[in-house]
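Participant: One file is attached below, run-v1.cif, containing mmCIF, C-alpha atoms.
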data_data
loop_
_atom_site.label_atom_id
_atom_site.label_comp_id
_atom_site.auth_asym_id
_atom_site.auth_seq_id
_atom_site.Cartn_x
_atom_site.Cartn_y
_atom_site.Cartn_z
CA MET W 1 194.81 63.91 244.65
CA GLY W 2 197.40 61.25 244.32
CA THR W 3 195.25 58.97 246.40
CA HIS W 4 191.86 59.54 244.90
CA SER W 5 191.00 56.96 242.30
CA ALA W 6 189.54 58.26 239.10
CA PRO W 7 186.36 56.66 237.92
CA ARG W 8 186.40 55.31 234.39
CA ARG W 9 183.29 57.13 233.26
CA ALA W 10 182.74 60.86 233.30
CA ARG W 11 180.51 61.81 236.18
CA PRO W 12 179.89 65.49 235.60
CA ALA W 13 179.18 67.57 238.66
CA ARG W 14 175.44 67.85 238.95
CA THR W 15 175.41 71.14 240.77
CA SER W 16 177.86 73.97 240.75
CA GLU W 17 178.33 73.33 244.49
CA GLU W 18 179.57 69.85 243.68
CA ALA W 19 181.89 71.27 241.01
CA ARG W 20 183.28 73.81 243.48
CA PHE W 21 183.75 71.07 246.03
CA ARG W 22 185.72 68.98 243.56
CA LEU W 23 187.81 71.99 242.66
CA ARG W 24 188.53 72.72 246.33
CA ARG W 25 189.35 69.09 247.00
CA THR W 26 191.79 69.04 244.10
CA LEU W 27 193.36 72.30 245.14
CA THR W 28 194.03 71.28 248.72
CA PRO W 29 197.76 70.69 249.13
CA GLN W 30 198.80 67.07 249.18
CA ARG W 31 202.14 65.44 249.34
CA SER W 32 202.85 62.91 246.68
CA GLY W 33 205.35 62.20 243.94
CA THR W 34 203.08 63.21 241.07
CA GLN W 35 202.07 66.38 242.86
CA PHE W 36 205.74 67.30 242.93
CA VAL W 37 206.14 66.46 239.25
CA ILE W 38 203.07 68.53 238.39
CA THR W 39 204.44 71.46 240.37
CA VAL W 40 207.71 71.23 238.50
CA LEU W 41 205.79 71.16 235.23
CA PHE W 42 203.85 74.27 236.23
CA ILE W 43 207.02 76.11 237.23
CA ALA W 44 208.48 75.22 233.83
CA LEU W 45 205.26 76.37 232.15
CA GLY W 46 205.30 79.73 233.92
CA PHE W 47 208.96 80.20 233.13
CA THR W 48 208.60 79.38 229.42
CA LEU W 49 205.47 81.50 229.25
CA THR W 50 207.33 84.63 230.34
CA ALA W 51 210.32 83.65 228.22
CA ALA W 52 208.12 83.27 225.14
CA VAL W 53 206.32 86.53 225.86
CA SER W 54 209.45 88.59 226.52
CA GLY W 55 211.27 86.97 223.61
CA ASN W 56 208.43 87.98 221.35
CA ALA W 57 208.17 91.57 222.57
CA ASN W 58 211.21 92.94 220.77
CA ASP W 59 211.75 93.02 217.00
CA SER W 60 208.22 91.82 216.40
CA ILE W 61 207.85 94.29 213.53
CA LEU W 62 210.76 92.76 211.68
CA ALA W 63 209.68 89.25 212.59
CA ASN W 64 206.29 89.79 211.02
CA ALA W 65 207.63 91.46 207.86
CA ARG W 66 207.65 89.48 204.67
CA GLN W 67 210.87 88.30 203.12
CA SER W 68 210.73 90.69 200.18
CA ASP W 69 210.18 93.60 202.56
CA LEU W 70 213.15 92.54 204.62
CA VAL W 71 215.33 92.25 201.53
CA SER W 72 214.40 95.72 200.31
CA LEU W 73 214.92 97.07 203.83
CA LEU W 74 218.37 95.52 203.92
CA ASP W 75 219.15 96.85 200.44
CA ASP W 76 218.07 100.32 201.53
CA LEU W 77 220.32 100.19 204.55
CA ALA W 78 223.27 98.89 202.54
CA GLN W 79 222.84 101.62 199.93
CA ARG W 80 222.54 104.27 202.58
CA GLU W 81 225.62 103.00 204.31
CA ALA W 82 227.59 103.02 201.07
CA ARG W 83 226.46 106.58 200.37
CA LEU W 84 227.37 107.78 203.83
CA GLN W 85 230.71 105.96 203.65
CA ALA W 86 231.50 107.67 200.36
CA GLU W 87 230.56 111.05 201.76
CA ASN W 88 232.55 110.36 204.87
CA THR W 89 235.62 109.50 202.82
CA ARG W 90 235.22 112.62 200.71
CA LEU W 91 234.88 114.85 203.74
CA GLU W 92 237.79 113.15 205.50
CA THR W 93 240.00 113.75 202.47
CA ALA W 94 238.91 117.37 202.25
CA ARG W 95 239.61 117.79 205.94
CA GLU W 96 243.05 116.19 205.61
CA THR W 97 243.98 118.48 202.74
CA LEU W 98 242.67 121.53 204.54
CA LEU W 99 244.33 120.68 207.84
CA GLY W 100 247.62 119.15 206.70
CA GLY W 101 248.17 121.23 203.60
CA ASP W 102 249.38 124.78 203.48
CA GLU W 103 247.28 127.78 202.65
CA TYR W 104 247.92 127.14 198.99
CA SER W 105 245.97 123.88 198.90
CA ALA W 106 243.12 125.39 200.87
CA LEU W 107 243.04 128.22 198.36
CA ASN W 108 243.10 125.69 195.52
CA GLU W 109 240.18 123.82 197.01
CA ALA W 110 238.22 127.05 197.38
CA LYS W 111 239.05 128.02 193.79
CA ARG W 112 238.00 124.60 192.53
CA ARG W 113 234.68 124.92 194.28
CA ALA W 114 234.22 128.48 193.05
CA ASP W 115 234.83 127.24 189.49
CA ALA W 116 232.33 124.40 189.90
CA LEU W 117 229.75 126.75 191.35
CA GLY W 118 230.51 129.30 188.64
CA VAL W 119 229.73 126.70 185.98
CA LEU W 120 226.50 125.83 187.72
CA ALA W 121 225.51 129.48 188.15
CA GLY W 122 226.51 130.25 184.57
CA SER W 123 228.94 132.98 185.50
CA GLU W 124 231.93 131.20 183.95
CA ALA W 125 232.56 130.36 180.34
CA ILE W 126 233.38 126.72 179.84
CA ALA W 127 234.52 124.46 177.04
CA GLY W 128 234.59 120.71 176.94
CA SER W 129 233.25 117.58 175.29
CA GLY W 130 229.55 117.33 174.70
CA ILE W 131 226.95 117.66 171.97
CA GLU W 132 225.47 120.36 169.80
CA VAL W 133 221.84 120.04 168.80
CA SER W 134 220.55 122.23 166.01
CA ILE W 135 216.82 122.54 165.65
CA SER W 136 214.91 123.95 162.72
CA GLY W 137 211.19 124.18 162.14
CA ASN W 138 208.72 125.54 164.61
CA LEU W 139 209.50 124.99 168.25
CA THR W 140 207.49 125.78 171.35
CA ALA W 141 208.78 126.90 174.70
CA SER W 142 207.36 123.88 176.47
CA THR W 143 209.25 121.52 174.13
CA LEU W 144 212.41 123.41 174.90
CA ILE W 145 211.79 123.24 178.65
CA ASP W 146 211.25 119.50 178.42
CA ALA W 147 214.46 119.15 176.44
CA VAL W 148 216.43 121.18 178.98
CA GLN W 149 215.02 119.08 181.85
CA GLU W 150 215.98 115.90 180.00
CA LEU W 151 219.49 117.18 179.44
CA ARG W 152 219.85 118.18 183.09
CA ASP W 153 218.65 114.76 184.18
CA ALA W 154 221.21 113.24 181.84
CA GLY W 155 223.94 115.05 183.75
CA ALA W 156 224.55 118.10 181.58
CA THR W 157 227.16 120.33 183.19
CA ALA W 158 226.32 123.48 181.24
CA ILE W 159 223.74 124.33 178.60
CA GLN W 160 223.58 127.23 176.17
CA ILE W 161 220.94 128.03 173.60
CA SER W 162 221.92 130.20 170.65
CA ASP W 163 220.64 131.31 167.26
CA ARG W 164 222.69 132.82 164.50
CA ASP W 165 224.01 135.73 166.50
CA LEU W 166 222.71 135.59 170.09
CA ALA W 167 223.45 133.09 172.84
CA VAL W 168 221.84 132.52 176.23
CA ARG W 169 223.21 130.47 179.07
CA ILE W 170 220.68 128.16 180.73
CA VAL W 171 220.78 128.34 184.52
CA ALA W 172 218.41 127.64 187.36
CA ASN W 173 216.25 130.73 186.89
CA THR W 174 216.18 130.82 183.09
CA TRP W 175 212.71 131.22 181.62
CA PHE W 176 211.23 130.42 178.24
CA ALA W 177 208.36 132.01 176.33
CA ASP W 178 206.88 131.62 172.87
CA SER W 179 207.31 134.57 170.53
CA THR W 180 206.13 135.28 167.01
CA SER W 181 209.33 134.34 165.23
CA GLY W 182 210.86 131.89 167.66
CA ILE W 183 211.53 131.55 171.35
CA THR W 184 212.28 134.11 174.00
CA VAL W 185 214.78 132.85 176.54
CA SER W 186 215.22 135.00 179.64
CA GLY W 187 214.26 138.08 177.67
CA THR W 188 216.46 137.36 174.65
CA ALA W 189 214.45 136.70 171.47
CA LEU W 190 215.99 133.85 169.50
CA GLN W 191 215.15 133.07 165.88
CA VAL W 192 214.68 129.48 164.73
CA PRO W 193 216.87 127.62 163.79
CA ILE W 194 218.56 127.46 167.13
CA THR W 195 221.45 125.45 168.51
CA ILE W 196 221.60 123.90 171.97
CA SER W 197 225.16 123.39 173.13
CA VAL W 198 225.55 120.99 176.00
CA ILE W 199 228.63 119.95 177.93
CA GLY W 200 228.48 116.51 179.45
CA ASP W 201 228.75 112.83 178.66
CA SER W 202 227.54 112.56 175.07
CA SER W 203 226.79 108.84 175.41
CA VAL W 204 224.17 109.78 178.01
CA LEU W 205 223.01 113.07 176.53
CA VAL W 206 222.22 111.75 173.05
CA PRO W 207 219.84 109.01 174.23
CA ALA W 208 218.24 111.53 176.58
CA ILE W 209 216.97 113.68 173.72
CA LYS W 210 216.27 110.72 171.45
CA ILE W 211 213.96 108.90 173.88
CA PRO W 212 210.38 108.31 172.66
CA GLY W 213 208.38 111.44 173.32
CA GLY W 214 211.58 113.43 173.77
CA LEU W 215 212.91 116.41 171.86
CA VAL W 216 213.63 114.60 168.58
CA ASP W 217 210.17 113.02 168.55
CA THR W 218 208.32 116.22 169.35
CA VAL W 219 210.12 118.40 166.87
CA GLY W 220 209.94 115.71 164.19
CA SER W 221 206.19 115.33 164.53
CA GLY W 222 205.83 119.12 164.15
CA GLY W 223 207.67 118.98 160.81
CA GLY W 224 210.95 120.27 162.16
CA GLU W 225 214.39 118.77 162.00
CA VAL W 226 216.91 117.99 164.72
CA LYS W 227 220.58 117.47 164.01
CA ILE W 228 222.87 116.15 166.73
CA THR W 229 226.62 116.63 166.55
CA GLU W 230 228.96 115.10 169.10
CA SER W 231 232.00 117.23 169.65
CA GLN W 232 235.12 117.15 171.80
CA ASN W 233 235.18 120.90 171.95
CA VAL W 234 231.84 122.44 172.71
CA ASP W 235 232.32 126.07 173.54
CA ILE W 236 229.90 127.71 175.91
CA SER W 237 230.74 131.36 175.99
CA ALA W 238 227.51 132.99 177.11
CA ILE W 239 227.57 133.94 180.76
CA VAL W 240 225.00 135.16 183.19
CA PRO W 241 226.21 138.29 184.94
CA LEU W 242 226.48 137.87 188.69
CA PRO W 243 223.91 139.95 190.54
CA ASN W 244 225.44 142.79 192.48
CA SER W 245 225.51 141.82 196.10
CA MET N 1 197.18 74.54 245.11
CA ILE N 2 200.86 73.82 245.09
CA PRO N 3 200.99 73.62 241.26
CA ALA N 4 199.22 77.00 241.06
CA ILE N 5 201.88 78.46 243.35
CA GLY N 6 204.41 76.73 241.12
CA LEU N 7 202.99 78.53 238.11
CA LEU N 8 203.32 81.87 239.90
CA VAL N 9 206.87 81.01 240.99
CA GLY N 10 207.72 80.15 237.38
CA ILE N 11 206.30 83.44 236.09
CA VAL N 12 208.15 85.44 238.75
CA LEU N 13 211.36 83.56 238.00
CA GLY N 14 210.92 84.30 234.32
CA LEU N 15 210.32 87.99 235.03
CA ILE N 16 213.36 88.22 237.28
CA LEU N 17 215.79 86.21 235.18
CA GLN N 18 214.57 87.60 231.82
CA PRO N 19 215.70 84.50 229.94
CA THR N 20 216.62 84.84 226.29
CA VAL N 21 215.20 82.11 224.13
CA PRO N 22 217.83 80.31 222.04
CA VAL N 23 217.26 80.83 218.36
CA TRP N 24 216.76 77.15 217.54
CA LEU N 25 214.01 76.98 220.15
CA GLN N 26 212.19 80.14 219.07
CA PRO N 27 209.67 78.58 216.64
CA TYR N 28 208.77 75.78 219.05
CA LEU N 29 208.46 77.58 222.37
CA PRO N 30 205.18 79.46 221.74
CA ILE N 31 203.59 76.28 220.33
CA ALA N 32 204.81 74.26 223.29
CA VAL N 33 203.40 76.85 225.69
CA VAL N 34 200.01 76.78 223.96
CA ALA N 35 200.04 72.97 224.00
CA ALA N 36 200.86 72.98 227.72
CA LEU N 37 198.04 75.47 228.35
CA ASP N 38 195.71 73.13 226.51
CA ALA N 39 196.78 70.27 228.78
CA VAL N 40 196.26 72.46 231.85
CA PHE N 41 192.75 73.48 230.83
CA GLY N 42 191.96 69.88 229.93
CA ALA N 43 193.07 68.82 233.40
CA PHE N 44 190.98 71.54 234.99
CA ARG N 45 187.98 70.31 233.10
CA SER N 46 188.54 66.67 234.03
CA VAL N 47 188.80 67.70 237.68
CA LEU N 48 185.29 69.04 237.42
CA ASP N 49 184.21 65.97 235.45
CA GLY N 50 185.51 63.83 238.27
CA LEU N 51 187.86 62.20 235.80
CA PHE N 52 191.14 63.69 236.85
CA ASN N 53 194.07 61.39 237.03
CA ASP N 54 197.43 62.92 237.89
CA ARG N 55 199.41 60.30 235.97
CA ILE N 56 197.36 60.96 232.84
CA PHE N 57 197.80 64.68 233.32
CA VAL N 58 201.59 64.46 233.51
CA ILE N 59 201.76 62.22 230.48
CA SER N 60 199.30 64.29 228.44
CA PHE N 61 201.11 67.50 229.38
CA LEU N 62 204.47 66.16 228.22
CA SER N 63 203.14 64.41 225.13
CA ASN N 64 201.12 67.49 224.10
CA VAL N 65 204.23 69.65 224.26
CA LEU N 66 206.32 67.05 222.50
CA VAL N 67 203.82 66.34 219.73
CA ALA N 68 203.23 70.04 219.08
CA ALA N 69 206.97 70.65 218.84
CA VAL N 70 207.47 67.62 216.58
CA ILE N 71 204.66 68.72 214.27
CA VAL N 72 206.14 72.20 213.93
CA PHE N 73 209.61 70.71 213.43
CA LEU N 74 208.22 68.44 210.74
CA GLY N 75 206.52 71.43 209.10
CA ASP N 76 209.83 73.30 209.15
CA GLN N 77 211.55 70.40 207.43
CA LEU N 78 208.79 70.24 204.82
CA GLY N 79 208.97 73.99 204.23
CA VAL N 80 205.50 74.70 205.60
CA GLY N 81 206.62 75.59 209.12
CA SER N 82 204.55 78.75 209.54
CA GLN N 83 201.37 77.17 208.16
CA MET N 84 201.91 74.15 210.37
CA SER N 85 202.35 76.29 213.50
CA THR N 86 199.22 78.22 212.55
CA GLY N 87 197.32 74.96 212.22
CA VAL N 88 198.57 73.65 215.55
CA VAL N 89 197.73 76.90 217.30
CA VAL N 90 194.24 76.96 215.77
CA VAL N 91 193.51 73.39 216.87
CA LEU N 92 194.86 73.91 220.38
CA THR N 93 193.00 77.18 220.76
CA MET N 94 189.75 75.49 219.74
CA ARG N 95 190.37 72.82 222.37
CA ILE N 96 191.11 75.43 225.00
CA PHE N 97 187.87 77.21 224.15
CA ALA N 98 185.93 73.97 224.37
CA ASN N 99 187.52 73.14 227.72
CA VAL N 100 186.89 76.60 229.10
CA ALA N 101 183.27 76.38 227.98
CA ALA N 102 182.92 73.05 229.84
CA ILE N 103 184.54 74.52 232.96
CA ARG N 104 182.23 77.49 232.79
CA ARG N 105 179.20 75.22 232.48
CA HIS N 106 180.36 73.25 235.51
CA LEU N 107 181.11 76.17 237.76
CA LEU N 108 178.43 78.63 236.74
CA LYS N 109 175.84 76.33 235.23
CA ALA N 110 175.76 78.72 232.28
#
As structure tokens, how would this structure be written, given the file I've shared?
Facilitator:
Amino acid sequence: MGTHSAPRRARPARTSEEARFRLRRTLTPQRSGTQFVITVLFIALGFTLTAAVSGNANDSILANARQSDLVSLLDDLAQREARLQAENTRLETARETLLGGDEYSALNEAKRRADALGVLAGSEAIAGSGIEVSISGNLTASTLIDAVQELRDAGATAIQISDRDLAVRIVANTWFADSTSGITVSGTALQVPITISVIGDSSVLVPAIKIPGGLVDTVGSGGGEVKITESQNVDISAIVPLPNS
Amino acid sequence: MIPAIGLLVGIVLGLILQPTVPVWLQPYLPIAVVAALDAVFGAFRSVLDGLFNDRIFVISFLSNVLVAAVIVFLGDQLGVGSQMSTGVVVVLTMRIFANVAAIRRHLLKA
């Protein structure tokens, strides 16, 4: 095709036979400089075509994600890594102490965990800094449940609800019911006014029960009164007996 | 014929060598490939029109690729790189369709 001279004006093939003939004539191998250049161009085209296709095959999901998605994805990964790192460090330290230390330290560790679990299960008495919330006026069980949930979310270590002479420790399986003269907590009938003693960070606990729609709001709208006292020495003495196993 | 074999050789080479595209080239390569395909289909059509000129083909092939890459580069500099590549791809694809339609009319009379 290097030799054939192109006409200036388009002369479309009149029949498909003529078109096929032109195609065949163009496709017949010829030796010329431009033919060589064209071949090189086609080789380059084929090569880049596969390169572009294979380069696009991987990480196409990430490539098509929007920037905000990528940022949140990255944040997620970073947070997860930090969490796992922290856990890893904690476990490494525990392992070191258990391996390197004598029996005494292993025993200490076990005791420490038993104490922590005892506080959670309510089988240990505990004293510490926290708040005492006294509530007067009528009070429903559902308000009390909401309050307990709020306090737990706020990081309460231990919670106890008491009236003038009875006290009940709040644990995972504590239940609440309305009764004629007050609230029944896990089978113990408490008379209003009651006091909720909570051990935890008072700077977090106080806002937790003061939030709009929280305990203070609900009791206040029912005509009751809530009094919050921060104390360095909240004593939680009620315990839940361990089930016989 | 020889260029067609060249295309096959290029594809096979690409499959065997599994080239990794350098990062700076990544936005331009797909556009360049589409531009080159446009040139190829245009050449195919002009063969059937009896207008084919190998010199024009080589020049149009190279300038197509170059212009497409420059447009995308310009878009990148202006901060509208992805829109610009979309625009280039749309235009080139329309041209490819038009060329293929002409080729089809020539060969099949339909």
Participant: Show me, as a JSON list (two decimals) with C-alpha atoms, in the frame of the given file, every residue of chain N with an atom at most 7 Å from chain W, counting all atoms listed in the file.
Facilitator:
[["chain", "number", "residue", "atom", "x", "y", "z"],
["N", 1, "MET", "CA", 197.18, 74.54, 245.11],
["N", 2, "ILE", "CA", 200.86, 73.82, 245.09],
["N", 3, "PRO", "CA", 200.99, 73.62, 241.26],
["N", 6, "GLY", "CA", 204.41, 76.73, 241.12],
["N", 7, "LEU", "CA", 202.99, 78.53, 238.11],
["N", 8, "LEU", "CA", 203.32, 81.87, 239.90],
["N", 9, "VAL", "CA", 206.87, 81.01, 240.99],
["N", 10, "GLY", "CA", 207.72, 80.15, 237.38],
["N", 11, "ILE", "CA", 206.30, 83.44, 236.09],
["N", 13, "LEU", "CA", 211.36, 83.56, 238.00],
["N", 14, "GLY", "CA", 210.92, 84.30, 234.32],
["N", 15, "LEU", "CA", 210.32, 87.99, 235.03],
["N", 18, "GLN", "CA", 214.57, 87.60, 231.82],
["N", 19, "PRO", "CA", 215.70, 84.50, 229.94],
["N", 20, "THR", "CA", 216.62, 84.84, 226.29],
["N", 21, "VAL", "CA", 215.20, 82.11, 224.13],
["N", 29, "LEU", "CA", 208.46, 77.58, 222.37],
["N", 30, "PRO", "CA", 205.18, 79.46, 221.74],
["N", 33, "VAL", "CA", 203.40, 76.85, 225.69],
["N", 47, "VAL", "CA", 188.80, 67.70, 237.68],
["N", 48, "LEU", "CA", 185.29, 69.04, 237.42],
["N", 49, "ASP", "CA", 184.21, 65.97, 235.45],
["N", 50, "GLY", "CA", 185.51, 63.83, 238.27],
["N", 51, "LEU", "CA", 187.86, 62.20, 235.80],
["N", 52, "PHE", "CA", 191.14, 63.69, 236.85],
["N", 53, "ASN", "CA", 194.07, 61.39, 237.03],
["N", 54, "ASP", "CA", 197.43, 62.92, 237.89],
["N", 55, "ARG", "CA", 199.41, 60.30, 235.97],
["N", 58, "VAL", "CA", 201.59, 64.46, 233.51],
["N", 106, "HIS", "CA", 180.36, 73.25, 235.51],
["N", 107, "LEU", "CA", 181.11, 76.17, 237.76],
["N", 108, "LEU", "CA", 178.43, 78.63, 236.74],
["N", 109, "LYS", "CA", 175.84, 76.33, 235.23]]
Participant: Could you tell me how far CA of Val90 in chain N lies from CA of Gln77 in chain N, in Å and to one decimal?
Facilitator: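 Computing it gives 20.3 Å between the two atoms.
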Participant: Check which residues satisfy the PyMOL selection byres ((chain W and resi 125) around 7) in the file shown, then give them as a tab-separated table (two decimals) with C-alpha atoms, in the coordinates of the input.
Facilitator:
chain	number	residue	atom	x	y	z
W	123	SER	CA	228.94	132.98	185.50
W	124	GLU	CA	231.93	131.20	183.95
W	126	ILE	CA	233.38	126.72	179.84
W	236	ILE	CA	229.90	127.71	175.91
W	237	SER	CA	230.74	131.36	175.99
W	238	ALA	CA	227.51	132.99	177.11
W	239	ILE	CA	227.57	133.94	180.76
Participant: Got a sec to check which residues sit within 7 Å of (230.4, 114.7, 168.3), counting all atoms listed in the file, and write them as a VMD selection string?
Facilitator: chain W and resid 130 to 131 229 to 232
Participant: Can you list, as a list in words, the residues that the PyMOL selection byres ((chain N and resi 96-100) around 7) selects here?
Facilitator: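 So the PyMOL selection byres ((chain N and resi 96-100) around 7), applied here, picks out Asp38, Phe41, Gly42, Arg45, Leu92, Thr93, Met94, Arg95, Ala101, Ala102, Ile103 and Arg104 of chain N.
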Participant: Enclose range 49-58 of chain N, meaning all of its atoms listed in the file, in a box aligned along x, y and z, pad it by 8 Å on each side, and list the centre and edge lengths in Å to one decimal, as JSON.
Facilitator:
{"center_x": 192.9, "center_y": 63.1, "center_z": 235.6, "size_x": 33.4, "size_y": 21.7, "size_z": 21.4}
Participant: What does the structure give for the distance between CA of Arg164 in chain W and CA of Ile194 in chain W, in Å to one decimal?
Facilitator: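 Pair CA of Arg164 in chain W / CA of Ile194 in chain W returns 7.3 Å.
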Participant: In Å, with one decimal, what is the gap from CA of Thr188 in chain W to CA of Glu150 in chain W?
Facilitator: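 Going from CA of Thr188 in chain W over to CA of Glu150 in chain W, I get 22.1 Å.
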Participant: Please provide the set of residues having any atom within 8 Å of Thr140 in chain W, restricted to only C-alpha atoms, with same-chain residues fewer than 2 positions apart removed, written as a VMD selection string.
Facilitator: chain W and resid 138 142 to 144 178 182 to 183
Participant: Residues within 9 Å of Leu62 in chain N, please, as number ranges by chain. Count all atoms listed in the file; anything in the same chain fewer than 5 positions from it doesn't count.
Facilitator: W: 41; N: 36, 39, 57, 67
Participant: With C-alpha atoms retained, export the selected residues as an mmCIF file, keeping the file's coordinate frame.
Facilitator:
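result.cif written:
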data_model
loop_
_atom_site.group_PDB
_atom_site.id
_atom_site.type_symbol
_atom_site.label_atom_id
_atom_site.label_comp_id
_atom_site.auth_asym_id
_atom_site.auth_seq_id
_atom_site.Cartn_x
_atom_site.Cartn_y
_atom_site.Cartn_z
ATOM 1 C CA LEU W 41 205.790 71.160 235.230
ATOM 2 C CA ALA N 36 200.860 72.980 227.720
ATOM 3 C CA ALA N 39 196.780 70.270 228.780
ATOM 4 C CA PHE N 57 197.800 64.680 233.320
ATOM 5 C CA VAL N 67 203.820 66.340 219.730
#
Participant: Residues near Leu190 in chain W, anyone? I mean within 10 Å using all atoms listed in the file, not counting same-chain ones fewer than 3 positions away, as a compact mmCIF listing (two decimals) with C-alpha atoms, in the frame of the given file.
Facilitator:
# COMPACT_ATOMS: atom_id res chain seq x y z
CA ILE W 161 220.94 128.03 173.60
CA SER W 162 221.92 130.20 170.65
CA ASP W 163 220.64 131.31 167.26
CA ARG W 164 222.69 132.82 164.50
CA ASP W 165 224.01 135.73 166.50
CA LEU W 166 222.71 135.59 170.09
CA ALA W 167 223.45 133.09 172.84
CA VAL W 168 221.84 132.52 176.23
CA ASP W 178 206.88 131.62 172.87
CA SER W 179 207.31 134.57 170.53
CA SER W 181 209.33 134.34 165.23
CA GLY W 182 210.86 131.89 167.66
CA ILE W 183 211.53 131.55 171.35
CA THR W 184 212.28 134.11 174.00
CA VAL W 185 214.78 132.85 176.54
CA GLY W 187 214.26 138.08 177.67
CA PRO W 193 216.87 127.62 163.79
CA ILE W 194 218.56 127.46 167.13
Participant: Could you list, as a PyMOL selection string, every residue within 10 Å of Ala147 in chain W, counting all atoms listed in the file and ignoring same-chain residues fewer than 4 positions away?
Facilitator: chain W and resi 141-143+151-153+196+208-210+214-216+218
Participant: For Thr86 in chain N, please output as a list in words all residues within 12 Å (counting all atoms listed in the file; exclusion window: fewer than 2 positions along the same chain).
Facilitator: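 Everything that qualifies: Pro27, Tyr28, Pro30, Ile31, Val34, Ala68, Ile71, Val72, Gly75, Val80, Gly81, Ser82, Gln83, Met84, Val88, Val89, Val90, Val91, Leu92 and Thr93 of chain N.
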